[in-house]
Structure formats: structure tokens, C-alpha cells
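**Q** This is work37.cif (mmCIF, N, CA and C atoms).
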```
data_start
loop_
_atom_site.label_atom_id
_atom_site.label_comp_id
_atom_site.auth_asym_id
_atom_site.auth_seq_id
_atom_site.Cartn_x
_atom_site.Cartn_y
_atom_site.Cartn_z
N MET A 964 -6.86 -4.21 -7.32
CA MET A 964 -7.37 -3.11 -6.51
C MET A 964 -7.21 -1.83 -7.32
N ASN A 965 -8.28 -1.09 -7.44
CA ASN A 965 -8.20 0.16 -8.19
C ASN A 965 -8.40 1.34 -7.24
N ALA A 966 -8.23 2.54 -7.79
CA ALA A 966 -8.30 3.76 -6.98
C ALA A 966 -9.68 3.97 -6.38
N ILE A 967 -10.73 3.55 -7.07
CA ILE A 967 -12.09 3.71 -6.53
C ILE A 967 -12.25 2.86 -5.28
N ASP A 968 -11.81 1.61 -5.35
CA ASP A 968 -11.87 0.73 -4.17
C ASP A 968 -11.03 1.28 -3.03
N LEU A 969 -9.84 1.77 -3.34
CA LEU A 969 -8.96 2.32 -2.31
C LEU A 969 -9.59 3.53 -1.64
N ASN A 970 -10.25 4.37 -2.41
CA ASN A 970 -10.90 5.54 -1.83
C ASN A 970 -12.06 5.14 -0.92
N LYS A 971 -12.77 4.08 -1.25
CA LYS A 971 -13.85 3.58 -0.38
C LYS A 971 -13.28 3.05 0.93
N ILE A 972 -12.19 2.30 0.84
CA ILE A 972 -11.55 1.77 2.05
C ILE A 972 -11.03 2.91 2.91
N ALA A 973 -10.39 3.89 2.28
CA ALA A 973 -9.87 5.04 3.02
C ALA A 973 -11.00 5.79 3.72
N LYS A 974 -12.13 5.94 3.05
CA LYS A 974 -13.28 6.63 3.63
C LYS A 974 -13.75 5.90 4.89
N GLY A 975 -13.73 4.58 4.87
CA GLY A 975 -14.10 3.80 6.05
C GLY A 975 -13.16 4.06 7.22
N TYR A 976 -11.87 4.06 6.93
CA TYR A 976 -10.88 4.39 7.97
C TYR A 976 -11.13 5.81 8.48
N TRP A 977 -11.34 6.73 7.54
CA TRP A 977 -11.50 8.15 7.89
C TRP A 977 -12.68 8.36 8.84
N LEU A 978 -13.79 7.69 8.56
CA LEU A 978 -14.96 7.81 9.42
C LEU A 978 -14.66 7.29 10.83
N GLY A 979 -13.88 6.22 10.92
CA GLY A 979 -13.46 5.73 12.23
C GLY A 979 -12.59 6.73 12.95
N TYR A 980 -11.68 7.37 12.22
CA TYR A 980 -10.83 8.39 12.83
C TYR A 980 -11.64 9.60 13.27
N CYS A 981 -12.71 9.91 12.53
CA CYS A 981 -13.57 11.04 12.91
C CYS A 981 -14.27 10.78 14.24
N GLU A 982 -14.54 9.53 14.54
CA GLU A 982 -15.13 9.20 15.84
C GLU A 982 -14.14 9.47 16.97
N ILE A 983 -12.87 9.22 16.69
CA ILE A 983 -11.83 9.44 17.70
C ILE A 983 -11.50 10.93 17.80
N PHE A 984 -11.44 11.60 16.65
CA PHE A 984 -11.09 13.02 16.58
C PHE A 984 -12.23 13.76 15.89
N PRO A 985 -13.28 14.15 16.62
CA PRO A 985 -14.44 14.80 15.98
C PRO A 985 -14.09 16.05 15.15
N ARG A 986 -13.00 16.71 15.46
CA ARG A 986 -12.60 17.90 14.66
C ARG A 986 -12.31 17.53 13.21
N LEU A 987 -12.06 16.26 12.93
CA LEU A 987 -11.78 15.84 11.55
C LEU A 987 -13.02 15.91 10.66
N LEU A 988 -14.20 15.98 11.26
CA LEU A 988 -15.42 16.01 10.46
C LEU A 988 -15.46 17.17 9.49
N LYS A 989 -14.74 18.24 9.79
CA LYS A 989 -14.74 19.39 8.88
C LYS A 989 -13.76 19.23 7.71
N PHE A 990 -13.02 18.12 7.70
CA PHE A 990 -12.06 17.85 6.62
C PHE A 990 -12.53 16.67 5.78
N ASP A 991 -12.27 16.75 4.49
CA ASP A 991 -12.58 15.63 3.60
C ASP A 991 -11.52 14.54 3.75
N CYS A 992 -11.94 13.32 3.51
CA CYS A 992 -11.00 12.20 3.46
C CYS A 992 -10.01 12.46 2.32
N PRO A 993 -8.74 12.17 2.54
CA PRO A 993 -7.77 12.37 1.46
C PRO A 993 -8.09 11.53 0.23
N LYS A 994 -7.75 12.05 -0.92
CA LYS A 994 -7.89 11.31 -2.17
C LYS A 994 -6.74 10.30 -2.25
N ILE A 995 -7.05 9.08 -2.63
CA ILE A 995 -6.03 8.03 -2.75
C ILE A 995 -5.64 7.89 -4.21
N ILE A 996 -4.35 7.95 -4.46
CA ILE A 996 -3.80 7.87 -5.81
C ILE A 996 -2.82 6.70 -5.86
N ILE A 997 -2.90 5.91 -6.91
CA ILE A 997 -1.92 4.85 -7.14
C ILE A 997 -0.79 5.44 -7.96
N ASN A 998 0.42 5.38 -7.41
CA ASN A 998 1.59 5.94 -8.08
C ASN A 998 2.47 4.79 -8.55
N ASN A 999 2.52 4.57 -9.84
CA ASN A 999 3.31 3.47 -10.40
C ASN A 999 4.78 3.81 -10.56
N ARG A 1000 5.16 5.03 -10.22
CA ARG A 1000 6.57 5.41 -10.29
C ARG A 1000 7.34 5.10 -9.02
N PHE A 1001 6.62 4.88 -7.90
CA PHE A 1001 7.31 4.56 -6.65
C PHE A 1001 8.00 3.21 -6.79
N ARG A 1002 9.27 3.17 -6.44
CA ARG A 1002 10.02 1.92 -6.49
C ARG A 1002 10.47 1.47 -5.10
N ASN A 1003 10.80 2.41 -4.23
CA ASN A 1003 11.28 2.09 -2.90
C ASN A 1003 10.44 2.72 -1.81
N LEU A 1004 9.25 3.14 -2.16
CA LEU A 1004 8.38 3.84 -1.24
C LEU A 1004 7.00 3.19 -1.31
N ALA A 1005 6.47 2.77 -0.17
CA ALA A 1005 5.15 2.12 -0.17
C ALA A 1005 4.04 3.15 -0.27
N GLY A 1006 4.25 4.32 0.33
CA GLY A 1006 3.23 5.35 0.28
C GLY A 1006 3.74 6.66 0.82
N ARG A 1007 2.99 7.71 0.54
CA ARG A 1007 3.33 9.02 1.11
C ARG A 1007 2.06 9.87 1.16
N ASN A 1008 2.08 10.80 2.08
CA ASN A 1008 1.00 11.75 2.24
C ASN A 1008 1.49 13.11 1.78
N VAL A 1009 0.66 13.82 1.04
CA VAL A 1009 0.93 15.20 0.68
C VAL A 1009 -0.16 16.03 1.35
N GLY A 1010 0.15 16.48 2.57
CA GLY A 1010 -0.84 17.12 3.43
C GLY A 1010 -1.52 18.30 2.78
N VAL A 1011 -0.76 19.18 2.19
CA VAL A 1011 -1.32 20.40 1.61
C VAL A 1011 -2.29 20.09 0.47
N ASP A 1012 -2.10 18.97 -0.22
CA ASP A 1012 -2.99 18.57 -1.31
C ASP A 1012 -4.09 17.62 -0.86
N ASN A 1013 -4.05 17.18 0.39
CA ASN A 1013 -5.01 16.23 0.94
C ASN A 1013 -5.06 14.96 0.10
N THR A 1014 -3.86 14.43 -0.20
CA THR A 1014 -3.77 13.20 -0.98
C THR A 1014 -2.84 12.21 -0.31
N VAL A 1015 -3.11 10.94 -0.58
CA VAL A 1015 -2.22 9.85 -0.18
C VAL A 1015 -1.90 9.10 -1.46
N GLU A 1016 -0.61 8.91 -1.70
CA GLU A 1016 -0.17 8.14 -2.86
C GLU A 1016 0.34 6.80 -2.37
N LEU A 1017 -0.11 5.73 -3.03
CA LEU A 1017 0.33 4.38 -2.70
C LEU A 1017 1.04 3.77 -3.90
N SER A 1018 2.07 3.01 -3.62
CA SER A 1018 2.85 2.37 -4.68
C SER A 1018 2.04 1.28 -5.38
N GLY A 1019 1.90 1.41 -6.68
CA GLY A 1019 1.24 0.38 -7.47
C GLY A 1019 1.99 -0.94 -7.40
N LYS A 1020 3.31 -0.86 -7.41
CA LYS A 1020 4.15 -2.05 -7.34
C LYS A 1020 3.91 -2.82 -6.05
N TYR A 1021 3.97 -2.12 -4.92
CA TYR A 1021 3.79 -2.79 -3.64
C TYR A 1021 2.34 -3.19 -3.41
N LEU A 1022 1.42 -2.44 -3.96
CA LEU A 1022 0.02 -2.78 -3.83
C LEU A 1022 -0.26 -4.14 -4.48
N LYS A 1023 0.35 -4.39 -5.62
CA LYS A 1023 0.19 -5.68 -6.30
C LYS A 1023 0.83 -6.81 -5.50
N GLN A 1024 2.00 -6.55 -4.94
CA GLN A 1024 2.74 -7.60 -4.23
C GLN A 1024 2.25 -7.83 -2.81
N PHE A 1025 1.84 -6.77 -2.14
CA PHE A 1025 1.53 -6.83 -0.71
C PHE A 1025 0.22 -6.11 -0.40
N GLU A 1026 -0.82 -6.45 -1.11
CA GLU A 1026 -2.08 -5.72 -0.97
C GLU A 1026 -2.57 -5.65 0.48
N GLY A 1027 -2.55 -6.78 1.17
CA GLY A 1027 -3.03 -6.80 2.55
C GLY A 1027 -2.27 -5.87 3.47
N GLU A 1028 -0.94 -5.89 3.36
CA GLU A 1028 -0.11 -5.03 4.20
C GLU A 1028 -0.31 -3.55 3.87
N ILE A 1029 -0.46 -3.26 2.58
CA ILE A 1029 -0.69 -1.87 2.18
C ILE A 1029 -2.00 -1.37 2.76
N LEU A 1030 -3.04 -2.20 2.71
CA LEU A 1030 -4.35 -1.78 3.20
C LEU A 1030 -4.43 -1.72 4.72
N LEU A 1031 -3.73 -2.61 5.40
CA LEU A 1031 -3.81 -2.67 6.87
C LEU A 1031 -2.76 -1.84 7.60
N ILE A 1032 -1.65 -1.56 6.93
CA ILE A 1032 -0.56 -0.83 7.60
C ILE A 1032 -0.27 0.51 6.93
N THR A 1033 0.06 0.47 5.64
CA THR A 1033 0.51 1.69 4.96
C THR A 1033 -0.60 2.73 4.83
N LEU A 1034 -1.78 2.32 4.39
CA LEU A 1034 -2.86 3.29 4.21
C LEU A 1034 -3.23 3.98 5.53
N PRO A 1035 -3.47 3.24 6.63
CA PRO A 1035 -3.76 3.93 7.89
C PRO A 1035 -2.61 4.82 8.36
N HIS A 1036 -1.38 4.38 8.11
CA HIS A 1036 -0.20 5.17 8.48
C HIS A 1036 -0.20 6.52 7.75
N GLU A 1037 -0.44 6.49 6.45
CA GLU A 1037 -0.45 7.72 5.67
C GLU A 1037 -1.65 8.60 6.02
N LEU A 1038 -2.78 7.98 6.33
CA LEU A 1038 -3.92 8.76 6.79
C LEU A 1038 -3.60 9.46 8.11
N ALA A 1039 -2.83 8.81 8.97
CA ALA A 1039 -2.43 9.43 10.24
C ALA A 1039 -1.60 10.69 9.99
N HIS A 1040 -0.80 10.68 8.95
CA HIS A 1040 -0.05 11.90 8.60
C HIS A 1040 -1.01 13.03 8.21
N GLN A 1041 -2.07 12.69 7.45
CA GLN A 1041 -3.04 13.72 7.07
C GLN A 1041 -3.80 14.22 8.29
N ILE A 1042 -4.11 13.33 9.21
CA ILE A 1042 -4.78 13.75 10.45
C ILE A 1042 -3.90 14.74 11.20
N ASP A 1043 -2.63 14.41 11.33
CA ASP A 1043 -1.68 15.32 12.00
C ASP A 1043 -1.67 16.67 11.30
N TYR A 1044 -1.60 16.64 9.98
CA TYR A 1044 -1.58 17.88 9.21
C TYR A 1044 -2.85 18.69 9.44
N ASN A 1045 -4.01 18.02 9.38
CA ASN A 1045 -5.29 18.72 9.53
C ASN A 1045 -5.47 19.28 10.94
N LEU A 1046 -5.14 18.51 11.94
CA LEU A 1046 -5.40 18.92 13.32
C LEU A 1046 -4.40 19.93 13.85
N HIS A 1047 -3.18 19.91 13.30
CA HIS A 1047 -2.14 20.78 13.85
C HIS A 1047 -1.64 21.83 12.88
N GLY A 1048 -2.24 21.91 11.70
CA GLY A 1048 -1.92 23.00 10.79
C GLY A 1048 -0.57 22.93 10.13
N GLY A 1049 -0.18 21.81 9.65
CA GLY A 1049 1.10 21.70 8.95
C GLY A 1049 2.13 21.00 9.78
N TYR A 1050 3.31 20.92 9.24
CA TYR A 1050 4.40 20.19 9.88
C TYR A 1050 5.42 21.15 10.47
N PRO A 1051 5.92 20.87 11.67
CA PRO A 1051 7.00 21.70 12.20
C PRO A 1051 8.26 21.47 11.38
N GLU A 1052 9.07 22.49 11.29
CA GLU A 1052 10.30 22.40 10.48
C GLU A 1052 11.26 21.32 10.95
N ASN A 1053 11.34 21.11 12.25
CA ASN A 1053 12.42 20.28 12.78
C ASN A 1053 12.06 18.83 13.03
N ASN A 1054 10.91 18.35 12.80
CA ASN A 1054 10.61 16.93 12.95
C ASN A 1054 9.33 16.64 12.19
N ARG A 1055 9.44 16.72 10.91
CA ARG A 1055 8.28 16.80 10.07
C ARG A 1055 7.41 15.56 10.05
N TYR A 1056 7.99 14.39 10.04
CA TYR A 1056 7.18 13.23 9.71
C TYR A 1056 6.78 12.35 10.89
N HIS A 1057 7.72 11.92 11.69
CA HIS A 1057 7.40 10.95 12.74
C HIS A 1057 7.82 11.45 14.11
N GLY A 1058 7.62 12.71 14.35
CA GLY A 1058 7.99 13.30 15.64
C GLY A 1058 6.96 12.99 16.72
N PRO A 1059 7.19 13.52 17.90
CA PRO A 1059 6.30 13.24 19.04
C PRO A 1059 4.84 13.64 18.78
N ARG A 1060 4.63 14.73 18.10
CA ARG A 1060 3.27 15.18 17.84
C ARG A 1060 2.52 14.16 16.96
N TRP A 1061 3.19 13.62 15.96
CA TRP A 1061 2.57 12.64 15.06
C TRP A 1061 2.27 11.35 15.82
N LYS A 1062 3.20 10.92 16.66
CA LYS A 1062 3.01 9.66 17.40
C LYS A 1062 1.86 9.79 18.34
#
```
Kindly transcribe the structure held in the file into C-alpha cells.

**A**
Amino acid sequence: MNAIDLNKIAKGYWLGYCEIFPRLLKFDCPKIIINNRFRNLAGRNVGVDNTVELSGKYLKQFEGEILLITLPHELAHQIDYNLHGGYPENNRYHGPRWK
């Protein structure tokens, strides 16, 4: 799986999310980056940069899980960032607003 394929898959998810949240149409789908330095992290979202980084290590070992669980999870963080204008100081990642 390469970054081009991952970006196509992410775009498909993003379009589905745009149907649920039409305000997302004004935002671009996050760029997907394979990060080969991640050792204990499957993925992360960098909201301000509109990027999602996925672990190259875990992508090789658990491609299906990364595509079905981790990628949508990280995209949800970008959706939260886009729709609500950043993260609150006191519950940045998995607080009530994100859920």
C-alpha cells in the first residue's frame, strides 16, 4: 500500500463524511503520509496541517485494521478540528465533543 492509494481511500471516506456533515465540503481531505518512524503509534492527525500520518510498520502488519479502523479514526479528529476550530485545552483528543 502506498501513499497514493491511501489518499484515494481517504478521499472516499471523506466524501462519505461530507454527506453526513455538509460543512466539510469547504475543507480538503487530509493528506495521508506514511511515517516509518512510528513504533508504538498506529496513526495521528495533525489538524493544523490537515494531515494524517499512518505507521508504515503497522500498515504492513495490519493493513486491513489500519484502513478500516485507524484511518477513519484519524479522519474523525480532522473533522472535529475543521468543524469546531481547533482543540480545547482540557480534553484535546477524545473528549465529549470528538465522540

**Q** Work out how far apart atom C of Glu1016 of chain A and atom CA of Pro985 of chain A are and give it in Å to one decimal.

**A**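 Separation of atom C of Glu1016 of chain A and atom CA of Pro985 of chain A: 24.9 Å.
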
**Q** Pick the closest to His1040 of chain A from A:Gln1024, A:Asn1008, A:Ser1018, A:Asn970: which is it, counting all atoms listed in the file?

**A**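 The closest residue to His1040 of chain A is A:Asn1008.
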
**Q** What does the distance between atom CA of Leu1017 of chain A and atom CA of Leu1031 of chain A come to in Å, to one decimal place?

**A**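 Answer for the atom CA of Leu1017 of chain A to atom CA of Leu1031 of chain A separation: 12.6 Å.
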
**Q** May I ask which of the residues A:Asn998, A:Gly975, A:Leu969, A:Arg1007 is the closest one to His1036 of chain A, counting only C-alpha atoms?

**A**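 Among the listed residues, A:Arg1007 lies closest to His1036 of chain A.
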
**Q** Restricting the calculation to only C-alpha atoms: of A:Gly1049, A:Pro1059, A:Gly1027, A:Pro1035, which residue gets closest to Cys992 of chain A?

**A** A:Pro1035

**Q** Go through A:Leu1022, A:Ala1005, A:Ile983, A:Gly1010 one by one, measure the shortest atom-to-atom distance of each to Asn965 of chain A using only C-alpha atoms, and give the residue with the smallest value.

**A** A:Leu1022

**Q** Could you write segment 1033-1044 of chain A of the block just shown to a file containing all heavy atoms, as a PDB file, in the first residue's frame?

**A**
```pdb
ATOM      1  N   THR A1033      -8.110   2.636  11.950  1.00  0.00           N
ATOM      2  CA  THR A1033      -7.217   3.757  12.255  1.00  0.00           C
ATOM      3  C   THR A1033      -7.443   4.951  11.336  1.00  0.00           C
ATOM      4  O   THR A1033      -7.553   6.089  11.809  1.00  0.00           O
ATOM      5  CB  THR A1033      -5.744   3.312  12.197  1.00  0.00           C
ATOM      6  OG1 THR A1033      -5.569   2.192  13.060  1.00  0.00           O
ATOM      7  CG2 THR A1033      -4.813   4.432  12.622  1.00  0.00           C
ATOM      8  N   LEU A1034      -7.519   4.717  10.031  1.00  0.00           N
ATOM      9  CA  LEU A1034      -7.699   5.835   9.102  1.00  0.00           C
ATOM     10  C   LEU A1034      -9.005   6.589   9.368  1.00  0.00           C
ATOM     11  O   LEU A1034      -8.981   7.815   9.516  1.00  0.00           O
ATOM     12  CB  LEU A1034      -7.607   5.346   7.655  1.00  0.00           C
ATOM     13  CG  LEU A1034      -7.782   6.416   6.576  1.00  0.00           C
ATOM     14  CD1 LEU A1034      -6.795   7.564   6.742  1.00  0.00           C
ATOM     15  CD2 LEU A1034      -7.650   5.781   5.196  1.00  0.00           C
ATOM     16  N   PRO A1035     -10.158   5.914   9.472  1.00  0.00           N
ATOM     17  CA  PRO A1035     -11.385   6.663   9.795  1.00  0.00           C
ATOM     18  C   PRO A1035     -11.309   7.380  11.143  1.00  0.00           C
ATOM     19  O   PRO A1035     -11.825   8.483  11.297  1.00  0.00           O
ATOM     20  CB  PRO A1035     -12.479   5.595   9.801  1.00  0.00           C
ATOM     21  CG  PRO A1035     -11.941   4.477   8.981  1.00  0.00           C
ATOM     22  CD  PRO A1035     -10.449   4.505   9.172  1.00  0.00           C
ATOM     23  N   HIS A1036     -10.642   6.758  12.113  1.00  0.00           N
ATOM     24  CA  HIS A1036     -10.477   7.370  13.435  1.00  0.00           C
ATOM     25  C   HIS A1036      -9.705   8.688  13.324  1.00  0.00           C
ATOM     26  O   HIS A1036     -10.105   9.711  13.893  1.00  0.00           O
ATOM     27  CB  HIS A1036      -9.753   6.391  14.358  1.00  0.00           C
ATOM     28  CG  HIS A1036      -9.410   6.942  15.699  1.00  0.00           C
ATOM     29  ND1 HIS A1036     -10.184   6.716  16.807  1.00  0.00           N
ATOM     30  CD2 HIS A1036      -8.371   7.700  16.118  1.00  0.00           C
ATOM     31  CE1 HIS A1036      -9.643   7.326  17.853  1.00  0.00           C
ATOM     32  NE2 HIS A1036      -8.527   7.932  17.459  1.00  0.00           N
ATOM     33  N   GLU A1037      -8.607   8.669  12.598  1.00  0.00           N
ATOM     34  CA  GLU A1037      -7.794   9.874  12.448  1.00  0.00           C
ATOM     35  C   GLU A1037      -8.513  10.929  11.609  1.00  0.00           C
ATOM     36  O   GLU A1037      -8.393  12.126  11.873  1.00  0.00           O
ATOM     37  CB  GLU A1037      -6.422   9.535  11.864  1.00  0.00           C
ATOM     38  CG  GLU A1037      -5.591   8.598  12.725  1.00  0.00           C
ATOM     39  CD  GLU A1037      -5.399   9.061  14.164  1.00  0.00           C
ATOM     40  OE1 GLU A1037      -5.415  10.285  14.422  1.00  0.00           O
ATOM     41  OE2 GLU A1037      -5.236   8.196  15.043  1.00  0.00           O
ATOM     42  N   LEU A1038      -9.271  10.497  10.619  1.00  0.00           N
ATOM     43  CA  LEU A1038     -10.076  11.448   9.851  1.00  0.00           C
ATOM     44  C   LEU A1038     -11.119  12.113  10.747  1.00  0.00           C
ATOM     45  O   LEU A1038     -11.424  13.304  10.588  1.00  0.00           O
ATOM     46  CB  LEU A1038     -10.741  10.759   8.665  1.00  0.00           C
ATOM     47  CG  LEU A1038      -9.809  10.323   7.534  1.00  0.00           C
ATOM     48  CD1 LEU A1038     -10.578   9.484   6.520  1.00  0.00           C
ATOM     49  CD2 LEU A1038      -9.137  11.501   6.877  1.00  0.00           C
ATOM     50  N   ALA A1039     -11.665  11.364  11.705  1.00  0.00           N
ATOM     51  CA  ALA A1039     -12.634  11.936  12.642  1.00  0.00           C
ATOM     52  C   ALA A1039     -11.998  13.056  13.463  1.00  0.00           C
ATOM     53  O   ALA A1039     -12.663  14.048  13.783  1.00  0.00           O
ATOM     54  CB  ALA A1039     -13.197  10.854  13.554  1.00  0.00           C
ATOM     55  N   HIS A1040     -10.735  12.913  13.796  1.00  0.00           N
ATOM     56  CA  HIS A1040     -10.036  14.001  14.502  1.00  0.00           C
ATOM     57  C   HIS A1040      -9.965  15.251  13.621  1.00  0.00           C
ATOM     58  O   HIS A1040     -10.158  16.368  14.101  1.00  0.00           O
ATOM     59  CB  HIS A1040      -8.630  13.580  14.914  1.00  0.00           C
ATOM     60  CG  HIS A1040      -8.594  12.693  16.113  1.00  0.00           C
ATOM     61  ND1 HIS A1040      -8.971  13.108  17.363  1.00  0.00           N
ATOM     62  CD2 HIS A1040      -8.224  11.396  16.243  1.00  0.00           C
ATOM     63  CE1 HIS A1040      -8.832  12.115  18.218  1.00  0.00           C
ATOM     64  NE2 HIS A1040      -8.386  11.055  17.557  1.00  0.00           N
ATOM     65  N   GLN A1041      -9.688  15.058  12.319  1.00  0.00           N
ATOM     66  CA  GLN A1041      -9.631  16.216  11.418  1.00  0.00           C
ATOM     67  C   GLN A1041     -11.007  16.845  11.264  1.00  0.00           C
ATOM     68  O   GLN A1041     -11.128  18.071  11.214  1.00  0.00           O
ATOM     69  CB  GLN A1041      -9.071  15.813  10.050  1.00  0.00           C
ATOM     70  CG  GLN A1041      -8.821  16.998   9.137  1.00  0.00           C
ATOM     71  CD  GLN A1041      -7.726  17.921   9.650  1.00  0.00           C
ATOM     72  OE1 GLN A1041      -6.658  17.466  10.034  1.00  0.00           O
ATOM     73  NE2 GLN A1041      -7.982  19.219   9.656  1.00  0.00           N
ATOM     74  N   ILE A1042     -12.041  16.034  11.219  1.00  0.00           N
ATOM     75  CA  ILE A1042     -13.406  16.562  11.145  1.00  0.00           C
ATOM     76  C   ILE A1042     -13.692  17.422  12.366  1.00  0.00           C
ATOM     77  O   ILE A1042     -14.215  18.533  12.244  1.00  0.00           O
ATOM     78  CB  ILE A1042     -14.420  15.412  11.021  1.00  0.00           C
ATOM     79  CG1 ILE A1042     -14.287  14.749   9.655  1.00  0.00           C
ATOM     80  CG2 ILE A1042     -15.845  15.906  11.260  1.00  0.00           C
ATOM     81  CD1 ILE A1042     -15.008  13.419   9.547  1.00  0.00           C
ATOM     82  N   ASP A1043     -13.351  16.913  13.534  1.00  0.00           N
ATOM     83  CA  ASP A1043     -13.542  17.680  14.774  1.00  0.00           C
ATOM     84  C   ASP A1043     -12.792  19.001  14.692  1.00  0.00           C
ATOM     85  O   ASP A1043     -13.337  20.065  14.995  1.00  0.00           O
ATOM     86  CB  ASP A1043     -13.071  16.855  15.970  1.00  0.00           C
ATOM     87  CG  ASP A1043     -13.205  17.586  17.287  1.00  0.00           C
ATOM     88  OD1 ASP A1043     -14.179  18.334  17.465  1.00  0.00           O
ATOM     89  OD2 ASP A1043     -12.337  17.391  18.152  1.00  0.00           O
ATOM     90  N   TYR A1044     -11.559  18.940  14.245  1.00  0.00           N
ATOM     91  CA  TYR A1044     -10.741  20.150  14.130  1.00  0.00           C
ATOM     92  C   TYR A1044     -11.381  21.141  13.160  1.00  0.00           C
ATOM     93  O   TYR A1044     -11.503  22.328  13.447  1.00  0.00           O
ATOM     94  CB  TYR A1044      -9.329  19.772  13.676  1.00  0.00           C
ATOM     95  CG  TYR A1044      -8.385  20.942  13.629  1.00  0.00           C
ATOM     96  CD1 TYR A1044      -7.683  21.311  14.767  1.00  0.00           C
ATOM     97  CD2 TYR A1044      -8.212  21.681  12.472  1.00  0.00           C
ATOM     98  CE1 TYR A1044      -6.825  22.405  14.745  1.00  0.00           C
ATOM     99  CE2 TYR A1044      -7.353  22.762  12.440  1.00  0.00           C
ATOM    100  CZ  TYR A1044      -6.664  23.118  13.578  1.00  0.00           C
ATOM    101  OH  TYR A1044      -5.824  24.196  13.554  1.00  0.00           O
TER     102      TYR A1044
END
```
